[in-house]
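This report refers to the structure that appears directly beneath it.
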Amino acid sequence: MLTYLARRLLVALLLAFGVATVTFALVWFAPGDDRAELLLRGVDTGPTFAAEPPLLEAYGEWLGGLVRGDLGRSRTRGPVAERYLDVLPHTAALSLAGLALAILFGVGTGVLQAARRGSLTDRVLGITTAVFYAAPSFWVGILLAGVFVYLPIQSGRAPLLPLSGVAPAGGARGVLDFVPYLVLPALTLGLVLGAGIARFTRTSMLEVLEQDYVRAARARGIGESRVLARYGLRTALLPLISLLGVYLPLLLTGAVFVEVVFERIGVGRTMVDAIARQDLPMVVGGALLFGFATVAGNLVADLLYGWADPRIGDASRG
């Protein structure tokens, strides 16, 4: 298992190095003088194109800055890393809440569909998950805002949930004060990502339930609910772990649209605002964060998969 862990960490480091290198190359070979500001960490004196260091020197400075946690400096926002660290807790809260809802909705729906294969319930849920799976997150967010906010207002009633994803300023605030403002954004992510989990869980469950050992368990008189929980769900959840490696970075990319729709402070909205201002250091810093998040998500999935199935760690020694 230690060998497997070391190999996955090495692969993750190489991938992170590749993300940084590709980002540097895109900046270095981009036309215009703005790349000097990016490569030289946005020095306040405003470096010119002619002041750029040689390629290898600039590349070494770029990597050295990343190792120190330096993502550059925005002329209007200050250090890029500090700016993103300020809003990261908001995006982390949204991502964790969205992931929890996605797992609950996806696994529960997939198991129910597999248990009632071919029934009206299976068909209705299949159509529902297909719609949410194909729908972009900003469309789902607008739909939920219409149902829980605008329709009650048009009926002369108070909104069921607040539209803005940010609690009002002022006064002592606890964790529960932020929950109502998190419901609609988290529900949007949960429905979009949970639809894919539901379809994946249903397919995996049906494959498991058709195995001979499951038929033997039923023949021994084991109840259907126990068969589903002990044999079907337990085995079907293992491939789901690898799917989470893809979904973890999707939580961040999905949060870009969700934070804009619900006017929520976070990494995604900060990057969108930077694009509108043409603040290149902030844009490049955000792109690096998304790239590193993808690498970290795959690493977490690999480690969880190896922990859930020790045979993978044994195979890595072969």
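Following the order of the structure tokens, chains are lettered A, B, ..., residues in each are numbered from 1, and ligands are numbered from 1.
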Each residue of range 223-299 of chain A lying at most 9 Å from range 130-147 of chain A should get a row with its shortest atom-to-atom pair and the distance in Å to one decimal, counting only C-alpha atoms; could you produce that, ordered by chain and increasing number, as JSON lines?
{"residue": "A:Gly254", "atom": "CA", "partner": "A:Ser137", "partner_atom": "CA", "distance": 6.4}
{"residue": "A:Ala255", "atom": "CA", "partner": "A:Ser137", "partner_atom": "CA", "distance": 8.5}
{"residue": "A:Phe257", "atom": "CA", "partner": "A:Phe138", "partner_atom": "CA", "distance": 5.4}
{"residue": "A:Val258", "atom": "CA", "partner": "A:Phe138", "partner_atom": "CA", "distance": 5.9}
{"residue": "A:Val260", "atom": "CA", "partner": "A:Phe138", "partner_atom": "CA", "distance": 8.4}
{"residue": "A:Val261", "atom": "CA", "partner": "A:Phe138", "partner_atom": "CA", "distance": 6.5}
{"residue": "A:Phe262", "atom": "CA", "partner": "A:Gly141", "partner_atom": "CA", "distance": 7.8}
Using DSSP assignments from the backbone, pull out every residue in range 92-278 of chain A that falls under helix (DSSP H, G or I) and give it to me as a short mmCIF file (atom, residue, chain, number, x, y, z; two decimals) with N, CA and C atoms, in the first residue's frame.
data_model
loop_
_atom_site.label_atom_id
_atom_site.label_comp_id
_atom_site.auth_asym_id
_atom_site.auth_seq_id
_atom_site.Cartn_x
_atom_site.Cartn_y
_atom_site.Cartn_z
N ALA A 92 -15.43 26.62 -0.62
CA ALA A 92 -15.31 25.31 0.02
C ALA A 92 -16.62 24.90 0.69
N ALA A 93 -17.28 25.84 1.36
CA ALA A 93 -18.57 25.53 1.99
C ALA A 93 -19.60 25.14 0.94
N LEU A 94 -19.64 25.88 -0.16
CA LEU A 94 -20.58 25.55 -1.23
C LEU A 94 -20.26 24.20 -1.85
N SER A 95 -19.00 23.92 -2.09
CA SER A 95 -18.61 22.66 -2.72
C SER A 95 -18.91 21.46 -1.82
N LEU A 96 -18.60 21.56 -0.53
CA LEU A 96 -18.88 20.45 0.39
C LEU A 96 -20.37 20.21 0.52
N ALA A 97 -21.15 21.28 0.65
CA ALA A 97 -22.60 21.12 0.75
C ALA A 97 -23.17 20.53 -0.54
N GLY A 98 -22.68 21.01 -1.69
CA GLY A 98 -23.13 20.47 -2.96
C GLY A 98 -22.76 19.02 -3.15
N LEU A 99 -21.55 18.64 -2.71
CA LEU A 99 -21.12 17.25 -2.82
C LEU A 99 -21.97 16.34 -1.94
N ALA A 100 -22.27 16.78 -0.71
CA ALA A 100 -23.10 15.98 0.19
C ALA A 100 -24.49 15.76 -0.41
N LEU A 101 -25.09 16.81 -0.94
CA LEU A 101 -26.41 16.68 -1.56
C LEU A 101 -26.35 15.80 -2.81
N ALA A 102 -25.26 15.93 -3.59
CA ALA A 102 -25.12 15.12 -4.80
C ALA A 102 -25.03 13.64 -4.47
N ILE A 103 -24.29 13.29 -3.43
CA ILE A 103 -24.15 11.89 -3.05
C ILE A 103 -25.48 11.35 -2.52
N LEU A 104 -26.15 12.12 -1.66
CA LEU A 104 -27.43 11.66 -1.12
C LEU A 104 -28.47 11.49 -2.23
N PHE A 105 -28.58 12.50 -3.08
CA PHE A 105 -29.56 12.43 -4.16
C PHE A 105 -29.18 11.36 -5.18
N GLY A 106 -27.91 11.32 -5.57
CA GLY A 106 -27.49 10.41 -6.62
C GLY A 106 -27.55 8.95 -6.20
N VAL A 107 -26.97 8.64 -5.04
CA VAL A 107 -26.96 7.25 -4.59
C VAL A 107 -28.38 6.78 -4.27
N GLY A 108 -29.16 7.61 -3.57
CA GLY A 108 -30.52 7.22 -3.23
C GLY A 108 -31.37 6.99 -4.47
N THR A 109 -31.28 7.88 -5.44
CA THR A 109 -32.06 7.73 -6.67
C THR A 109 -31.61 6.52 -7.47
N GLY A 110 -30.29 6.32 -7.57
CA GLY A 110 -29.79 5.18 -8.33
C GLY A 110 -30.18 3.85 -7.73
N VAL A 111 -30.14 3.75 -6.41
CA VAL A 111 -30.54 2.51 -5.74
C VAL A 111 -32.03 2.26 -5.94
N LEU A 112 -32.84 3.31 -5.81
CA LEU A 112 -34.29 3.15 -6.00
C LEU A 112 -34.61 2.72 -7.43
N GLN A 113 -33.92 3.28 -8.40
CA GLN A 113 -34.15 2.88 -9.78
C GLN A 113 -33.77 1.43 -10.02
N ALA A 114 -32.63 1.01 -9.45
CA ALA A 114 -32.19 -0.37 -9.64
C ALA A 114 -33.14 -1.34 -8.95
N ALA A 115 -33.64 -0.96 -7.77
CA ALA A 115 -34.56 -1.84 -7.06
C ALA A 115 -35.89 -1.99 -7.78
N LEU A 120 -42.62 2.33 -13.44
CA LEU A 120 -42.90 3.73 -13.74
C LEU A 120 -41.96 4.64 -12.95
N THR A 121 -41.67 4.26 -11.70
CA THR A 121 -40.74 5.05 -10.89
C THR A 121 -39.37 5.12 -11.54
N ASP A 122 -38.90 4.00 -12.06
CA ASP A 122 -37.60 3.97 -12.73
C ASP A 122 -37.60 4.87 -13.95
N ARG A 123 -38.65 4.84 -14.74
CA ARG A 123 -38.70 5.65 -15.96
C ARG A 123 -38.78 7.14 -15.64
N VAL A 124 -39.61 7.50 -14.65
CA VAL A 124 -39.74 8.92 -14.28
C VAL A 124 -38.43 9.46 -13.74
N LEU A 125 -37.80 8.71 -12.84
CA LEU A 125 -36.53 9.15 -12.28
C LEU A 125 -35.44 9.17 -13.35
N GLY A 126 -35.51 8.24 -14.29
CA GLY A 126 -34.53 8.23 -15.37
C GLY A 126 -34.62 9.48 -16.24
N ILE A 127 -35.85 9.90 -16.55
CA ILE A 127 -36.03 11.12 -17.33
C ILE A 127 -35.57 12.33 -16.53
N THR A 128 -35.91 12.35 -15.24
CA THR A 128 -35.53 13.48 -14.39
C THR A 128 -34.02 13.63 -14.30
N THR A 129 -33.33 12.53 -14.04
CA THR A 129 -31.88 12.60 -13.94
C THR A 129 -31.23 12.94 -15.28
N ALA A 130 -31.83 12.48 -16.38
CA ALA A 130 -31.28 12.81 -17.70
C ALA A 130 -31.38 14.31 -17.96
N VAL A 131 -32.48 14.92 -17.54
CA VAL A 131 -32.65 16.37 -17.73
C VAL A 131 -31.61 17.14 -16.93
N PHE A 132 -31.46 16.80 -15.65
CA PHE A 132 -30.50 17.51 -14.82
C PHE A 132 -29.07 17.21 -15.23
N TYR A 133 -28.82 16.01 -15.74
CA TYR A 133 -27.47 15.64 -16.17
C TYR A 133 -27.05 16.46 -17.39
N ALA A 134 -28.01 16.75 -18.29
CA ALA A 134 -27.70 17.49 -19.50
C ALA A 134 -27.76 19.00 -19.30
N SER A 137 -25.37 24.14 -15.08
CA SER A 137 -25.65 24.50 -13.69
C SER A 137 -26.33 25.87 -13.57
N PHE A 138 -25.96 26.82 -14.45
CA PHE A 138 -26.59 28.14 -14.33
C PHE A 138 -28.07 28.08 -14.69
N TRP A 139 -28.46 27.17 -15.62
CA TRP A 139 -29.88 27.02 -15.96
C TRP A 139 -30.66 26.45 -14.79
N VAL A 140 -30.08 25.44 -14.13
CA VAL A 140 -30.74 24.86 -12.95
C VAL A 140 -30.86 25.90 -11.85
N GLY A 141 -29.82 26.72 -11.68
CA GLY A 141 -29.87 27.77 -10.67
C GLY A 141 -30.97 28.77 -10.94
N ILE A 142 -31.12 29.18 -12.21
CA ILE A 142 -32.19 30.11 -12.57
C ILE A 142 -33.56 29.47 -12.35
N LEU A 143 -33.68 28.19 -12.67
CA LEU A 143 -34.94 27.47 -12.46
C LEU A 143 -35.32 27.43 -10.99
N LEU A 144 -34.36 27.09 -10.13
CA LEU A 144 -34.64 27.03 -8.69
C LEU A 144 -34.95 28.42 -8.14
N ALA A 145 -34.25 29.43 -8.65
CA ALA A 145 -34.55 30.80 -8.20
C ALA A 145 -35.96 31.19 -8.57
N GLY A 146 -36.41 30.76 -9.75
CA GLY A 146 -37.78 31.06 -10.16
C GLY A 146 -38.81 30.39 -9.27
N VAL A 147 -38.54 29.13 -8.90
CA VAL A 147 -39.51 28.38 -8.09
C VAL A 147 -39.56 28.87 -6.65
N PHE A 148 -38.41 29.12 -6.05
CA PHE A 148 -38.36 29.44 -4.62
C PHE A 148 -38.33 30.93 -4.31
N VAL A 149 -38.10 31.77 -5.31
CA VAL A 149 -37.98 33.21 -5.05
C VAL A 149 -39.01 34.01 -5.85
N TYR A 150 -38.95 33.90 -7.18
CA TYR A 150 -39.77 34.80 -8.00
C TYR A 150 -41.24 34.42 -8.03
N LEU A 151 -41.56 33.13 -8.06
CA LEU A 151 -42.97 32.74 -8.05
C LEU A 151 -43.68 33.16 -6.77
N PRO A 152 -43.09 32.95 -5.58
CA PRO A 152 -43.76 33.46 -4.37
C PRO A 152 -43.92 34.98 -4.38
N ILE A 153 -42.93 35.71 -4.90
CA ILE A 153 -43.03 37.17 -4.95
C ILE A 153 -44.18 37.60 -5.86
N GLN A 154 -44.32 36.94 -7.01
CA GLN A 154 -45.41 37.27 -7.92
C GLN A 154 -46.77 36.93 -7.33
N VAL A 175 -22.88 30.05 12.40
CA VAL A 175 -22.90 29.18 11.21
C VAL A 175 -24.30 29.06 10.65
N LEU A 176 -25.30 28.94 11.53
CA LEU A 176 -26.68 28.77 11.07
C LEU A 176 -27.20 29.99 10.32
N ASP A 177 -26.60 31.14 10.54
CA ASP A 177 -27.04 32.34 9.84
C ASP A 177 -26.72 32.28 8.35
N PHE A 178 -25.73 31.47 7.99
CA PHE A 178 -25.33 31.37 6.59
C PHE A 178 -26.07 30.26 5.85
N VAL A 179 -26.71 29.33 6.59
CA VAL A 179 -27.33 28.16 5.97
C VAL A 179 -28.41 28.54 4.96
N PRO A 180 -29.37 29.43 5.28
CA PRO A 180 -30.40 29.74 4.28
C PRO A 180 -29.84 30.28 2.97
N TYR A 181 -28.72 31.00 3.04
CA TYR A 181 -28.11 31.57 1.85
C TYR A 181 -27.29 30.54 1.07
N LEU A 182 -27.12 29.37 1.64
CA LEU A 182 -26.35 28.31 1.00
C LEU A 182 -27.24 27.26 0.34
N VAL A 183 -28.53 27.25 0.68
CA VAL A 183 -29.42 26.17 0.24
C VAL A 183 -29.55 26.13 -1.28
N LEU A 184 -29.96 27.23 -1.89
CA LEU A 184 -30.18 27.23 -3.34
C LEU A 184 -28.90 26.98 -4.14
N PRO A 185 -27.77 27.64 -3.82
CA PRO A 185 -26.54 27.31 -4.56
C PRO A 185 -26.11 25.86 -4.39
N ALA A 186 -26.17 25.34 -3.16
CA ALA A 186 -25.77 23.95 -2.94
C ALA A 186 -26.73 22.98 -3.61
N LEU A 187 -28.03 23.30 -3.59
CA LEU A 187 -29.02 22.44 -4.24
C LEU A 187 -28.80 22.40 -5.75
N THR A 188 -28.38 23.52 -6.32
CA THR A 188 -28.09 23.56 -7.75
C THR A 188 -26.95 22.61 -8.10
N LEU A 189 -25.86 22.70 -7.36
CA LEU A 189 -24.73 21.79 -7.61
C LEU A 189 -25.13 20.35 -7.33
N GLY A 190 -25.88 20.13 -6.25
CA GLY A 190 -26.27 18.78 -5.88
C GLY A 190 -27.11 18.10 -6.94
N LEU A 191 -28.05 18.83 -7.54
CA LEU A 191 -28.91 18.23 -8.57
C LEU A 191 -28.13 17.93 -9.84
N VAL A 192 -27.27 18.86 -10.26
CA VAL A 192 -26.52 18.67 -11.50
C VAL A 192 -25.54 17.50 -11.38
N LEU A 193 -24.75 17.49 -10.31
CA LEU A 193 -23.77 16.42 -10.13
C LEU A 193 -24.44 15.13 -9.67
N GLY A 194 -25.49 15.25 -8.85
CA GLY A 194 -26.17 14.05 -8.37
C GLY A 194 -26.85 13.27 -9.48
N ALA A 195 -27.27 13.94 -10.55
CA ALA A 195 -27.89 13.24 -11.67
C ALA A 195 -26.92 12.26 -12.31
N GLY A 196 -25.66 12.69 -12.48
CA GLY A 196 -24.66 11.78 -13.03
C GLY A 196 -24.37 10.63 -12.09
N ILE A 197 -24.30 10.90 -10.78
CA ILE A 197 -24.07 9.84 -9.81
C ILE A 197 -25.22 8.84 -9.82
N ALA A 198 -26.45 9.33 -9.97
CA ALA A 198 -27.62 8.45 -10.00
C ALA A 198 -27.56 7.50 -11.18
N ARG A 199 -27.25 8.00 -12.34
CA ARG A 199 -27.16 7.15 -13.53
C ARG A 199 -26.03 6.14 -13.40
N PHE A 200 -24.92 6.57 -12.84
CA PHE A 200 -23.78 5.66 -12.64
C PHE A 200 -24.13 4.59 -11.60
N THR A 201 -24.76 5.00 -10.50
CA THR A 201 -25.12 4.05 -9.45
C THR A 201 -26.12 3.02 -9.95
N ARG A 202 -27.12 3.45 -10.71
CA ARG A 202 -28.12 2.52 -11.25
C ARG A 202 -27.45 1.46 -12.12
N THR A 203 -26.57 1.90 -13.02
CA THR A 203 -25.90 0.95 -13.91
C THR A 203 -25.03 -0.03 -13.13
N SER A 204 -24.28 0.48 -12.16
CA SER A 204 -23.42 -0.40 -11.35
C SER A 204 -24.25 -1.37 -10.52
N MET A 205 -25.34 -0.88 -9.94
CA MET A 205 -26.19 -1.74 -9.12
C MET A 205 -26.79 -2.87 -9.96
N LEU A 206 -27.26 -2.56 -11.15
CA LEU A 206 -27.86 -3.60 -12.00
C LEU A 206 -26.84 -4.65 -12.40
N GLU A 207 -25.61 -4.23 -12.66
CA GLU A 207 -24.56 -5.20 -12.98
C GLU A 207 -24.29 -6.13 -11.81
N VAL A 208 -24.26 -5.57 -10.60
CA VAL A 208 -23.98 -6.38 -9.41
C VAL A 208 -25.14 -7.32 -9.12
N LEU A 209 -26.36 -6.82 -9.22
CA LEU A 209 -27.53 -7.63 -8.87
C LEU A 209 -27.75 -8.80 -9.81
N ASP A 212 -24.04 -14.10 -9.99
CA ASP A 212 -24.51 -15.39 -9.47
C ASP A 212 -24.57 -15.39 -7.94
N TYR A 213 -23.61 -14.75 -7.26
CA TYR A 213 -23.62 -14.79 -5.80
C TYR A 213 -24.80 -14.00 -5.23
N VAL A 214 -25.29 -13.03 -5.96
CA VAL A 214 -26.47 -12.29 -5.51
C VAL A 214 -27.71 -13.17 -5.68
N ARG A 215 -27.79 -13.89 -6.81
CA ARG A 215 -28.91 -14.83 -7.00
C ARG A 215 -28.90 -15.91 -5.93
N ALA A 216 -27.69 -16.37 -5.56
CA ALA A 216 -27.59 -17.39 -4.51
C ALA A 216 -28.06 -16.85 -3.17
N ALA A 217 -27.74 -15.58 -2.88
CA ALA A 217 -28.19 -14.97 -1.63
C ALA A 217 -29.71 -14.88 -1.59
N ARG A 218 -30.32 -14.55 -2.69
CA ARG A 218 -31.78 -14.50 -2.74
C ARG A 218 -32.37 -15.89 -2.57
N ALA A 219 -31.71 -16.90 -3.17
CA ALA A 219 -32.21 -18.26 -3.05
C ALA A 219 -32.15 -18.77 -1.62
N GLU A 224 -34.79 -8.74 0.25
CA GLU A 224 -34.34 -7.91 -0.84
C GLU A 224 -33.62 -6.65 -0.34
N SER A 225 -34.11 -6.06 0.74
CA SER A 225 -33.46 -4.86 1.26
C SER A 225 -32.04 -5.16 1.73
N ARG A 226 -31.84 -6.34 2.33
CA ARG A 226 -30.50 -6.71 2.77
C ARG A 226 -29.61 -7.02 1.58
N VAL A 227 -30.17 -7.64 0.55
CA VAL A 227 -29.40 -7.92 -0.66
C VAL A 227 -28.93 -6.62 -1.30
N LEU A 228 -29.83 -5.63 -1.35
CA LEU A 228 -29.48 -4.35 -1.95
C LEU A 228 -28.37 -3.65 -1.16
N ALA A 229 -28.49 -3.68 0.17
CA ALA A 229 -27.54 -2.96 1.01
C ALA A 229 -26.20 -3.68 1.12
N ARG A 230 -26.25 -4.99 1.36
CA ARG A 230 -25.03 -5.74 1.65
C ARG A 230 -24.26 -6.12 0.40
N TYR A 231 -24.97 -6.51 -0.65
CA TYR A 231 -24.30 -6.99 -1.85
C TYR A 231 -24.28 -5.95 -2.97
N GLY A 232 -25.46 -5.38 -3.23
CA GLY A 232 -25.54 -4.47 -4.35
C GLY A 232 -24.85 -3.14 -4.10
N LEU A 233 -25.31 -2.42 -3.09
CA LEU A 233 -24.78 -1.07 -2.85
C LEU A 233 -23.32 -1.10 -2.45
N ARG A 234 -22.95 -2.03 -1.60
CA ARG A 234 -21.56 -2.09 -1.13
C ARG A 234 -20.59 -2.29 -2.28
N THR A 235 -20.95 -3.15 -3.22
CA THR A 235 -20.06 -3.40 -4.36
C THR A 235 -20.14 -2.29 -5.39
N ALA A 236 -21.33 -1.72 -5.58
CA ALA A 236 -21.49 -0.69 -6.59
C ALA A 236 -20.84 0.63 -6.19
N LEU A 237 -20.68 0.86 -4.89
CA LEU A 237 -20.09 2.12 -4.44
C LEU A 237 -18.60 2.21 -4.72
N LEU A 238 -17.94 1.07 -4.92
CA LEU A 238 -16.50 1.09 -5.15
C LEU A 238 -16.13 1.85 -6.42
N PRO A 239 -16.78 1.56 -7.57
CA PRO A 239 -16.45 2.37 -8.75
C PRO A 239 -16.86 3.84 -8.60
N LEU A 240 -17.82 4.10 -7.71
CA LEU A 240 -18.27 5.48 -7.51
C LEU A 240 -17.15 6.35 -6.95
N ILE A 241 -16.23 5.75 -6.21
CA ILE A 241 -15.12 6.51 -5.64
C ILE A 241 -14.27 7.11 -6.74
N SER A 242 -14.02 6.34 -7.79
CA SER A 242 -13.24 6.88 -8.90
C SER A 242 -13.98 8.01 -9.60
N LEU A 243 -15.31 7.95 -9.62
CA LEU A 243 -16.09 9.02 -10.22
C LEU A 243 -15.95 10.32 -9.43
N LEU A 244 -15.77 10.21 -8.13
CA LEU A 244 -15.60 11.40 -7.30
C LEU A 244 -14.34 12.17 -7.68
N GLY A 245 -13.33 11.46 -8.19
CA GLY A 245 -12.12 12.14 -8.63
C GLY A 245 -12.39 13.11 -9.76
N VAL A 246 -13.38 12.79 -10.60
CA VAL A 246 -13.78 13.69 -11.67
C VAL A 246 -14.69 14.78 -11.15
N TYR A 247 -15.51 14.45 -10.16
CA TYR A 247 -16.51 15.39 -9.67
C TYR A 247 -15.94 16.45 -8.74
N LEU A 248 -14.86 16.15 -8.06
CA LEU A 248 -14.29 17.15 -7.15
C LEU A 248 -13.89 18.43 -7.88
N PRO A 249 -13.14 18.35 -8.98
CA PRO A 249 -12.86 19.60 -9.71
C PRO A 249 -14.10 20.18 -10.37
N LEU A 250 -15.08 19.35 -10.73
CA LEU A 250 -16.32 19.86 -11.31
C LEU A 250 -17.08 20.72 -10.31
N LEU A 251 -16.90 20.43 -9.02
CA LEU A 251 -17.53 21.27 -8.00
C LEU A 251 -17.03 22.70 -8.09
N LEU A 252 -15.74 22.86 -8.35
CA LEU A 252 -15.19 24.21 -8.47
C LEU A 252 -15.63 24.90 -9.76
N THR A 253 -15.57 24.16 -10.87
CA THR A 253 -15.99 24.76 -12.14
C THR A 253 -17.48 25.06 -12.13
N GLY A 254 -18.28 24.17 -11.53
CA GLY A 254 -19.70 24.44 -11.41
C GLY A 254 -19.99 25.61 -10.51
N ALA A 255 -19.15 25.80 -9.50
CA ALA A 255 -19.33 26.92 -8.58
C ALA A 255 -19.12 28.26 -9.28
N VAL A 256 -18.38 28.28 -10.40
CA VAL A 256 -18.19 29.52 -11.13
C VAL A 256 -19.54 30.10 -11.55
N PHE A 257 -20.37 29.27 -12.18
CA PHE A 257 -21.68 29.73 -12.65
C PHE A 257 -22.65 29.93 -11.50
N VAL A 258 -22.61 29.04 -10.53
CA VAL A 258 -23.54 29.14 -9.41
C VAL A 258 -23.28 30.41 -8.60
N GLU A 259 -22.02 30.74 -8.37
CA GLU A 259 -21.70 31.94 -7.60
C GLU A 259 -22.12 33.21 -8.33
N VAL A 260 -22.05 33.18 -9.66
CA VAL A 260 -22.49 34.34 -10.43
C VAL A 260 -24.01 34.48 -10.39
N VAL A 261 -24.72 33.37 -10.58
CA VAL A 261 -26.19 33.40 -10.59
C VAL A 261 -26.74 33.88 -9.25
N VAL A 267 -14.39 31.71 -5.25
CA VAL A 267 -13.29 31.65 -6.22
C VAL A 267 -13.82 31.87 -7.64
N GLY A 268 -14.94 31.24 -7.97
CA GLY A 268 -15.49 31.34 -9.31
C GLY A 268 -15.88 32.77 -9.68
N ARG A 269 -16.62 33.41 -8.81
CA ARG A 269 -17.05 34.78 -9.10
C ARG A 269 -15.85 35.73 -9.13
N THR A 270 -14.87 35.50 -8.28
CA THR A 270 -13.67 36.34 -8.29
C THR A 270 -12.95 36.24 -9.61
N MET A 271 -12.87 35.02 -10.16
CA MET A 271 -12.21 34.85 -11.45
C MET A 271 -13.01 35.48 -12.57
N VAL A 272 -14.34 35.35 -12.53
CA VAL A 272 -15.18 35.97 -13.56
C VAL A 272 -15.02 37.49 -13.53
N ASP A 273 -15.01 38.07 -12.32
CA ASP A 273 -14.81 39.51 -12.20
C ASP A 273 -13.44 39.92 -12.73
N ALA A 274 -12.43 39.07 -12.51
CA ALA A 274 -11.09 39.38 -13.01
C ALA A 274 -11.06 39.36 -14.54
N ILE A 275 -11.80 38.44 -15.14
CA ILE A 275 -11.87 38.40 -16.61
C ILE A 275 -12.53 39.67 -17.13
N ALA A 276 -13.60 40.11 -16.46
CA ALA A 276 -14.28 41.34 -16.90
C ALA A 276 -13.37 42.55 -16.77
N ARG A 277 -12.48 42.58 -15.78
CA ARG A 277 -11.57 43.71 -15.59
C ARG A 277 -10.28 43.55 -16.38
#
Item to complete: Go through A:Leu5, A:Leu56, A:Leu289, A:Ala20 one by one, measure the shortest atom-to-atom distance of each to Leu88 in chain A using only C-alpha atoms, and give the residue with the smallest value.
Response: A:Leu289
Item to complete: List the neighbours of Leu299 in chain A out to 8 Å using only C-alpha atoms; skip same-chain residues closer than 4 positions along the sequence, and give me the result as an MDAnalysis selection string.
Response: chainID A and resid 8:9 12 245 295 303
Could you save the residues just selected, with C-alpha atoms, as a compact mmCIF listing (two decimals), in the first residue's frame?
# COMPACT_ATOMS: atom_id res chain seq x y z
CA ARG A 8 0.20 8.13 -6.82
CA LEU A 9 1.88 11.06 -5.03
CA ALA A 12 0.24 13.92 -8.81
CA GLY A 245 -12.12 12.14 -8.63
CA VAL A 295 -4.91 17.00 -9.88
CA LEU A 303 -6.10 7.04 -2.52
Worksheet entry | Contacts of Leu55 in chain A within 10 Å, only C-alpha atoms, excl. fewer than 6 positions in-chain, as a count of residues only | 3
